[in-house]
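Novice: Below: one structure in structure tokens.
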Amino acid sequence: MVQTARSEATRAALGPTLVRLCREGLDIVCVDADLGYSTSAVKFGQEFPDRFFPVGVAEQNMIGVSAGFAACGKIAFCSSFAVFAPGHCFDQLRMAVAQPRTNVKLVASHGGLVTGEDGASAEALEDLALMLSMPPFNVIFPADVVEAEQAIEVAARTDGPFYIRTLRPKTPVIYDDSDYRFELGRWHRLRDGSDVTLIACGELVKAALDAAEALAGEGIQARVLNAASLRPMDRDALLAAARETGAIVTAEDHFVHGGLGGLVAETLAEEHAVPVAYVGMRDPYGTSGTWEELLKYFGLTPAAIAQAARDVIRRKTV
Amino acid sequence: MARAQTVSTDELKSIAKRIRRHIVQMVAAATSGHPGGSLSSVEIATALYFRVMRHDPQNALWPDRDRFIVSKGHATPMVYGTLAEAGYFPVEDLMTFRKLGGKLQGHTIMQQPPGVEMTAGALGMGLSFSLGHALAGRLDGRDYHVFCLLSDGDSQEGQTWEAAMSSAHHKAENLIAIVDRNHIQNDGFSDYQRFPDGNGSRPQRPGGWVLKDGHTANIMNLEPFEDKWKAFGWNTQHIDGHDFDAIINALEAAKAHTGQPSVVICETTKGKGVSYMENNPDFHGKAPSPEQLVQALKELAD
């Protein structure tokens, strides 16, 4: 197993990163719909009370107000839980942000099954699909808190719409003591291999690394890519993986349709078809449990990724 | 630089007539579009661009400009006709309305052409967007005002009331909502106030009902409308939306009001100025025929 020194929630990156960037002079405002305590946005509010705007439990208004700020030159951050934004406000994201390409950054916490005990209604499994359906949005799902901080900074410094998905539980940090820098459109190769490629995003990047370790014990060399930058995606890395390893496994805490699995399948079907296996949610929706129990219950585990890799390797045409 | 606000009321009336002619001509040339709710809001837009607002047609993104943010994004004939008259782009361009390759899309697109503040078309979003502009102005120490035009339909969207609540909460005194209250919307009559039969044929059950001609009566009654805004913490005025003096006085009073956002509810007539369009739900989103255009232009002649 790949060991990590600590665990931290990716949602904890938002407030402190915005504080740092605003102190550096970036013209940031933050609009909040009564979940800033959970998304860590309130830390920005404590430091910059004149730049923090609570609008109550009103996600549609939150997006509209953010777009208005952006139209006046502000870097407009807003945050909520992923079931509420984009869940409550797809039309506002489409018309007030995506179409006019306003400089709005939605950082949504509590993505995925790992939201845990709150149960199915609180577990966003469609948010990436919604956001990927709007081409102007950059869509990022960081693998850990270090990458989340970097992605938030890239979003603040890059003009245009961003969606960043963060998570509730403390998940393993994989980029501590690393010189890794998140880049838009680049899928970081965490491990090289020639038999199969495991492409993961979010907390399942760590699971993919663990799966690769297990596969190595059987003589299977798995490449591991961190697909945090879902849009823009890393077409070159994906096509190289298809050509050089001939088989792909995707892993995501989201419905595979419309998420990373769909993205990979669409691209490979058009450019270089190879066998693909998908680890992720399909039907039914999630349920209550601890986040680690849920990942096991629904098969979003290193063991499931390794099994998918064995299966997909057998489907290769040699 | 700000426009010299010396245009007389008689001149405003003649500008309004020209804008009305643009509206019917654009929609007729495009053979589609939304004349009814454009004609109802002509005096509001004319008063803003030619008397009340500080703006510069040569510098549409001037940071200190007053904003006119149109939430009812289907009222493009009014928006484009007014911007052209105000000098934002040549009047001849109006005939590219809704045409491929032109800049004048069927619903508004932000800064296309320059002067259009907001991408709109899905109702209910303008007041939130306007609040963002208003709060940004306060944060930056700018003294501009934000005027947001809402429709009956806008006032039925939940987001409008989210925005109303938060505008008062944040004491956005530089925000002024203007409601083009023509009481007619896509499917028919919002309530009974412009319904030809009064409420005489109202069925013995609650809610809206579909008439023989396919229009719906009493789609969603907004009354008591002014009280709703008051209850949400707004400074309110209720005026005749075709009376220039009333509009200008109300907007100036709203600008001077402090501590609260202001709303000016303008009672208007859908299709105002063209006899067969007035209070006729058919012309919410339909173009006049060539013969009807001739008649409209006759009625709108100087």
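Residues in the structure tokens are numbered from 1 in each chain, the chains being A, B, ... in the order shown, and ligands are numbered from 1 in the order shown.
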Name the residues of range 179-223 of chain B that come out as strand (DSSP E or B) in a backbone DSSP run; write them as a JSON list (two decimals) with N, CA and C atoms, in the first residue's frame.

Specialist:
[["chain", "number", "residue", "atom", "x", "y", "z"],
["B", 179, "VAL", "N", -40.61, 47.47, -12.37],
["B", 179, "VAL", "CA", -41.43, 46.36, -12.87],
["B", 179, "VAL", "C", -42.34, 46.87, -13.99],
["B", 180, "ASP", "N", -42.20, 46.26, -15.15],
["B", 180, "ASP", "CA", -43.07, 46.54, -16.29],
["B", 180, "ASP", "C", -44.33, 45.68, -16.10],
["B", 181, "ARG", "N", -45.29, 46.26, -15.39],
["B", 181, "ARG", "CA", -46.43, 45.46, -14.90],
["B", 181, "ARG", "C", -47.54, 45.58, -15.92],
["B", 184, "ILE", "N", -49.79, 40.74, -18.58],
["B", 184, "ILE", "CA", -49.96, 39.71, -19.61],
["B", 184, "ILE", "C", -48.62, 39.00, -19.78],
["B", 185, "GLN", "N", -48.67, 37.71, -19.97],
["B", 185, "GLN", "CA", -47.44, 36.93, -20.12],
["B", 185, "GLN", "C", -47.63, 35.91, -21.22],
["B", 188, "GLY", "N", -50.98, 34.05, -21.50],
["B", 188, "GLY", "CA", -52.22, 34.81, -21.43],
["B", 188, "GLY", "C", -52.19, 35.88, -20.36],
["B", 189, "PHE", "N", -53.23, 35.89, -19.52],
["B", 189, "PHE", "CA", -53.41, 36.96, -18.54],
["B", 189, "PHE", "C", -52.91, 36.54, -17.17],
["B", 209, "TRP", "N", -57.15, 29.12, -15.54],
["B", 209, "TRP", "CA", -57.99, 28.26, -16.37],
["B", 209, "TRP", "C", -57.80, 28.63, -17.83],
["B", 210, "VAL", "N", -57.97, 27.65, -18.69],
["B", 210, "VAL", "CA", -57.68, 27.83, -20.12],
["B", 210, "VAL", "C", -58.96, 28.23, -20.85],
["B", 216, "THR", "N", -54.56, 31.37, -21.35],
["B", 216, "THR", "CA", -54.89, 31.06, -19.96],
["B", 216, "THR", "C", -55.23, 32.35, -19.23],
["B", 217, "ALA", "N", -56.25, 32.31, -18.41],
["B", 217, "ALA", "CA", -56.61, 33.46, -17.57],
["B", 217, "ALA", "C", -56.16, 33.20, -16.15]]

Novice: Residues of range 262-291 of chain A classed as alpha helix (DSSP H) by DSSP on the backbone are to be reported as a ChimeraX atom specification.

Specialist: /A:262-271,291

Novice: Which residues are near range 18-21 of chain A? Cut-off 9 Å, only C-alpha atoms, ignore same chain within fewer than 2 positions. Put them as JSON, numbers by chain.

Specialist: {"A": [13, 14, 15, 16, 23, 24, 25, 26, 27, 28, 30, 41, 43, 44, 45, 47, 48, 77, 152, 153, 156]}

Novice: Given the selection you just returned, output its residues as a file containing N, CA and C atoms, formatted as an mmCIF file, in the first residue's frame.

Specialist:
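So the final result, stored in selection_20.cif, reads:
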data_model
loop_
_atom_site.group_PDB
_atom_site.id
_atom_site.type_symbol
_atom_site.label_atom_id
_atom_site.label_comp_id
_atom_site.auth_asym_id
_atom_site.auth_seq_id
_atom_site.Cartn_x
_atom_site.Cartn_y
_atom_site.Cartn_z
ATOM 1 N N ALA A 13 -9.263 23.648 2.003
ATOM 2 C CA ALA A 13 -8.327 24.495 1.249
ATOM 3 C C ALA A 13 -8.916 25.847 0.875
ATOM 4 N N LEU A 14 -10.232 25.935 0.785
ATOM 5 C CA LEU A 14 -10.842 27.121 0.158
ATOM 6 C C LEU A 14 -10.555 28.418 0.922
ATOM 7 N N GLY A 15 -11.031 28.501 2.156
ATOM 8 C CA GLY A 15 -10.926 29.763 2.888
ATOM 9 C C GLY A 15 -9.491 30.262 3.019
ATOM 10 N N PRO A 16 -8.588 29.431 3.539
ATOM 11 C CA PRO A 16 -7.203 29.889 3.708
ATOM 12 C C PRO A 16 -6.539 30.300 2.388
ATOM 13 N N ARG A 23 -4.770 38.731 0.202
ATOM 14 C CA ARG A 23 -3.673 39.496 0.817
ATOM 15 C C ARG A 23 -2.619 39.860 -0.220
ATOM 16 N N GLU A 24 -2.473 38.979 -1.228
ATOM 17 C CA GLU A 24 -1.499 39.273 -2.283
ATOM 18 C C GLU A 24 -2.032 40.307 -3.261
ATOM 19 N N GLY A 25 -3.292 40.718 -3.077
ATOM 20 C CA GLY A 25 -3.804 41.808 -3.910
ATOM 21 C C GLY A 25 -4.833 41.396 -4.942
ATOM 22 N N LEU A 26 -5.183 40.115 -5.013
ATOM 23 C CA LEU A 26 -6.220 39.713 -5.971
ATOM 24 C C LEU A 26 -7.573 40.250 -5.511
ATOM 25 N N ASP A 27 -8.357 40.759 -6.459
ATOM 26 C CA ASP A 27 -9.613 41.460 -6.156
ATOM 27 C C ASP A 27 -10.743 40.437 -5.991
ATOM 28 N N ILE A 28 -10.668 39.666 -4.906
ATOM 29 C CA ILE A 28 -11.584 38.540 -4.683
ATOM 30 C C ILE A 28 -12.774 38.974 -3.832
ATOM 31 N N CYS A 30 -16.392 36.895 -2.105
ATOM 32 C CA CYS A 30 -16.917 35.557 -1.874
ATOM 33 C C CYS A 30 -18.393 35.661 -1.481
ATOM 34 N N ALA A 41 -15.257 28.632 3.525
ATOM 35 C CA ALA A 41 -15.284 29.997 2.980
ATOM 36 C C ALA A 41 -15.345 31.043 4.098
ATOM 37 N N LYS A 43 -13.640 31.386 6.576
ATOM 38 C CA LYS A 43 -12.309 31.865 6.984
ATOM 39 C C LYS A 43 -11.937 33.111 6.182
ATOM 40 N N PHE A 44 -12.380 33.156 4.944
ATOM 41 C CA PHE A 44 -12.197 34.376 4.147
ATOM 42 C C PHE A 44 -13.055 35.503 4.723
ATOM 43 N N GLY A 45 -14.285 35.160 5.119
ATOM 44 C CA GLY A 45 -15.180 36.163 5.693
ATOM 45 C C GLY A 45 -14.654 36.768 6.983
ATOM 46 N N GLU A 47 -11.548 37.204 7.702
ATOM 47 C CA GLU A 47 -10.405 38.055 7.377
ATOM 48 C C GLU A 47 -10.812 39.280 6.561
ATOM 49 N N PHE A 48 -11.796 39.104 5.669
ATOM 50 C CA PHE A 48 -12.212 40.184 4.777
ATOM 51 C C PHE A 48 -13.729 40.369 4.838
ATOM 52 N N PHE A 77 -15.768 34.314 -6.145
ATOM 53 C CA PHE A 77 -15.858 32.942 -5.649
ATOM 54 C C PHE A 77 -17.205 32.746 -4.963
ATOM 55 N N ILE A 152 -7.314 26.006 -6.655
ATOM 56 C CA ILE A 152 -8.037 27.244 -6.308
ATOM 57 C C ILE A 152 -7.213 28.458 -6.730
ATOM 58 N N GLU A 153 -5.905 28.376 -6.533
ATOM 59 C CA GLU A 153 -5.059 29.504 -6.944
ATOM 60 C C GLU A 153 -5.059 29.655 -8.467
ATOM 61 N N ALA A 156 -8.231 31.301 -9.443
ATOM 62 C CA ALA A 156 -8.263 32.730 -9.127
ATOM 63 C C ALA A 156 -7.440 33.533 -10.124
#

Novice: Go ahead and compute the interatomic distance for CA of Trp291 in chain A and CA of Thr17 in chain A, in Å to one decimal.

Specialist: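 Result for CA of Trp291 in chain A versus CA of Thr17 in chain A: 25.6 Å, one decimal.
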
Novice: For chain B, report every residue with an atom at most 7 Å from chain A (counting only C-alpha atoms), formatted as an mmCIF file with N, CA and C atoms, in the first residue's frame.

Specialist:
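Listing of out_37.cif after writing:
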data_model
loop_
_atom_site.group_PDB
_atom_site.id
_atom_site.type_symbol
_atom_site.label_atom_id
_atom_site.label_comp_id
_atom_site.auth_asym_id
_atom_site.auth_seq_id
_atom_site.Cartn_x
_atom_site.Cartn_y
_atom_site.Cartn_z
ATOM 1 N N MET B 110 -24.656 39.461 -23.287
ATOM 2 C CA MET B 110 -23.851 40.473 -22.590
ATOM 3 C C MET B 110 -22.866 41.167 -23.540
ATOM 4 N N THR B 119 -26.594 38.791 -20.337
ATOM 5 C CA THR B 119 -27.189 37.687 -21.082
ATOM 6 C C THR B 119 -28.461 37.283 -20.345
ATOM 7 N N ALA B 120 -29.577 37.304 -21.053
ATOM 8 C CA ALA B 120 -30.847 36.994 -20.390
ATOM 9 C C ALA B 120 -31.760 36.245 -21.357
ATOM 10 N N MET B 125 -33.493 36.067 -13.376
ATOM 11 C CA MET B 125 -32.075 36.155 -13.019
ATOM 12 C C MET B 125 -31.549 37.578 -12.907
ATOM 13 N N SER B 128 -30.711 39.364 -9.206
ATOM 14 C CA SER B 128 -29.484 38.870 -8.550
ATOM 15 C C SER B 128 -28.252 39.487 -9.199
ATOM 16 N N PHE B 129 -28.241 39.470 -10.522
ATOM 17 C CA PHE B 129 -27.113 40.019 -11.279
ATOM 18 C C PHE B 129 -26.958 41.508 -10.963
ATOM 19 N N SER B 130 -28.089 42.202 -10.863
ATOM 20 C CA SER B 130 -28.068 43.631 -10.551
ATOM 21 C C SER B 130 -27.534 43.874 -9.140
ATOM 22 N N LEU B 131 -27.906 43.004 -8.215
ATOM 23 C CA LEU B 131 -27.415 43.139 -6.847
ATOM 24 C C LEU B 131 -25.893 42.992 -6.807
ATOM 25 N N GLY B 132 -25.361 42.064 -7.592
ATOM 26 C CA GLY B 132 -23.900 41.937 -7.678
ATOM 27 C C GLY B 132 -23.263 43.238 -8.145
ATOM 28 N N HIS B 133 -23.854 43.859 -9.181
ATOM 29 C CA HIS B 133 -23.343 45.161 -9.656
ATOM 30 C C HIS B 133 -23.435 46.213 -8.548
ATOM 31 N N ALA B 136 -20.860 45.553 -5.797
ATOM 32 C CA ALA B 136 -19.508 45.831 -6.304
ATOM 33 C C ALA B 136 -19.275 47.342 -6.330
ATOM 34 N N GLN B 159 -36.231 32.990 -7.810
ATOM 35 C CA GLN B 159 -34.938 33.664 -7.663
ATOM 36 C C GLN B 159 -35.111 35.169 -7.468
ATOM 37 N N GLU B 162 -35.558 35.641 -3.872
ATOM 38 C CA GLU B 162 -34.271 35.452 -3.185
ATOM 39 C C GLU B 162 -33.459 36.739 -3.269
ATOM 40 N N ALA B 163 -33.447 37.309 -4.473
ATOM 41 C CA ALA B 163 -32.657 38.526 -4.689
ATOM 42 C C ALA B 163 -33.276 39.714 -3.958
ATOM 43 N N SER B 166 -32.304 39.450 -0.307
ATOM 44 C CA SER B 166 -30.903 39.748 -0.001
ATOM 45 C C SER B 166 -30.553 41.195 -0.339
#

Novice: State, in Å with one decimal place, the distance from CA of Pro196 in chain B to CA of Leu150 in chain B.

Specialist: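 Distance reported for this atom pair: 24.1 Å.
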
Novice: Write out as a list of chain:residue names which residues come within 8 Å of His22 in chain B when counting only C-alpha atoms, dropping same-chain ones fewer than 6 positions away.

Specialist: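 Everything that qualifies: B:Pro77, B:Gly81, B:Leu94.
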
Novice: Next, write the just-selected residues to a file, as an mmCIF file, in the first residue's frame, keeping N, CA and C atoms as the atom set.

Specialist:
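Listed below is the output, part-v7.cif:
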data_model
loop_
_atom_site.group_PDB
_atom_site.id
_atom_site.type_symbol
_atom_site.label_atom_id
_atom_site.label_comp_id
_atom_site.auth_asym_id
_atom_site.auth_seq_id
_atom_site.Cartn_x
_atom_site.Cartn_y
_atom_site.Cartn_z
ATOM 1 N N PRO B 77 -36.316 43.847 -28.770
ATOM 2 C CA PRO B 77 -36.627 44.961 -29.672
ATOM 3 C C PRO B 77 -36.587 46.305 -28.941
ATOM 4 N N GLY B 81 -33.639 48.854 -29.886
ATOM 5 C CA GLY B 81 -34.181 50.105 -30.432
ATOM 6 C C GLY B 81 -33.726 51.306 -29.615
ATOM 7 N N LEU B 94 -30.388 47.603 -36.877
ATOM 8 C CA LEU B 94 -31.573 46.985 -36.266
ATOM 9 C C LEU B 94 -32.201 45.940 -37.185
#

Novice: Using only C-alpha atoms, which protein or nucleic acid residues come within 9 Å of Thr317 in chain A? Drop anything in the same chain fewer than 6 positions from it, and give the result as a ChimeraX atom specification.

Specialist: /A:246,274-275

Novice: Between B:Val7, B:Met53, B:Ala75, B:Ala29, which has the minimum distance to Pro290 in chain B (counting only C-alpha atoms)?

Specialist: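 Ranked by minimum distance to Pro290 in chain B, first place goes to B:Ala29.
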
Novice: Find the residues around Gly121 in chain B up to 8 Å (only C-alpha atoms counted), leave out those fewer than 5 positions away in its own chain, and share them as a list in words.

Specialist: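 Using only C-alpha atoms, the neighbours found are Ser71, Lys72, Gly73, His74, His107 and Thr108 of chain B.
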
Novice: Choose the residue, out of B:Ile23, B:Ala177, B:Ala122, B:Ala47, that has the smallest atom-to-atom separation from Leu93 in chain A; count only C-alpha atoms.

Specialist: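 Of all the options, B:Ala122 lies closest to Leu93 in chain A.
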
Novice: At a cut-off of 9 Å, using only C-alpha atoms, what residues contact range 182-194 of chain A? Leave out same-chain residues fewer than 3 positions from it and give the result as an MDAnalysis selection string.

Specialist: chainID A and resid 138 140 147:148 150:151 154 197 199 209 212 220:238 241 244:246

Novice: If you keep C-alpha atoms, can you produce a file of those selected residues as a CSV table (one decimal), in the first residue's frame?

Specialist:
chain,number,residue,atom,x,y,z
A,138,ASN,CA,-13.0,24.5,-16.4
A,140,ILE,CA,-11.3,20.3,-11.5
A,147,GLU,CA,-3.8,19.9,-5.2
A,148,ALA,CA,-7.0,21.6,-4.1
A,150,GLN,CA,-3.2,24.8,-6.1
A,151,ALA,CA,-6.3,24.4,-8.2
A,154,VAL,CA,-5.0,28.6,-10.6
A,197,THR,CA,-3.5,2.6,-17.3
A,199,ILE,CA,-7.0,7.0,-14.6
A,209,LEU,CA,-2.1,4.0,-6.6
A,212,ALA,CA,-1.2,-0.4,-8.9
A,220,ILE,CA,1.2,-6.3,-13.8
A,221,GLN,CA,2.7,-2.9,-14.4
A,222,ALA,CA,0.0,-0.3,-14.2
A,223,ARG,CA,0.4,3.4,-15.1
A,224,VAL,CA,-1.5,5.8,-12.9
A,225,LEU,CA,-2.8,9.2,-14.1
A,226,ASN,CA,-4.4,11.8,-11.9
A,227,ALA,CA,-7.2,13.3,-14.0
A,228,ALA,CA,-7.9,16.2,-11.7
A,229,SER,CA,-8.2,18.6,-14.7
A,230,LEU,CA,-11.4,17.1,-16.2
A,231,ARG,CA,-11.7,20.1,-18.5
A,232,PRO,CA,-9.4,21.0,-20.1
A,233,MET,CA,-8.5,17.3,-20.2
A,234,ASP,CA,-5.1,15.9,-21.1
A,235,ARG,CA,-5.8,14.4,-24.5
A,236,ASP,CA,-2.1,13.7,-25.1
A,237,ALA,CA,-1.7,11.8,-21.9
A,238,LEU,CA,-4.9,9.8,-22.5
A,241,ALA,CA,-1.8,5.7,-22.3
A,244,GLU,CA,1.4,2.5,-24.9
A,245,THR,CA,-0.6,0.4,-22.5
A,246,GLY,CA,-3.6,-0.8,-24.6

Novice: In Å, with one decimal, what is the gap from CA of Gly271 in chain B to CA of Ile176 in chain B?

Specialist: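 So the answer is 24.2 Å.
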
Novice: Please determine, counting only C-alpha atoms, which residue among A:Leu268, A:Ala214, A:Leu294, A:Leu132 has the shortest atom-to-atom distance to Arg310 in chain A.

Specialist: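 Among the listed residues, the smallest separation from Arg310 in chain A belongs to A:Ala214.
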
Novice: From the set A:Ala155, A:Ala12, A:Val173, A:Val114, which residue has the shortest atom-to-atom contact distance to Phe298 in chain A, counting only C-alpha atoms?

Specialist: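 Distance minimum relative to Phe298 in chain A lands on A:Val114.
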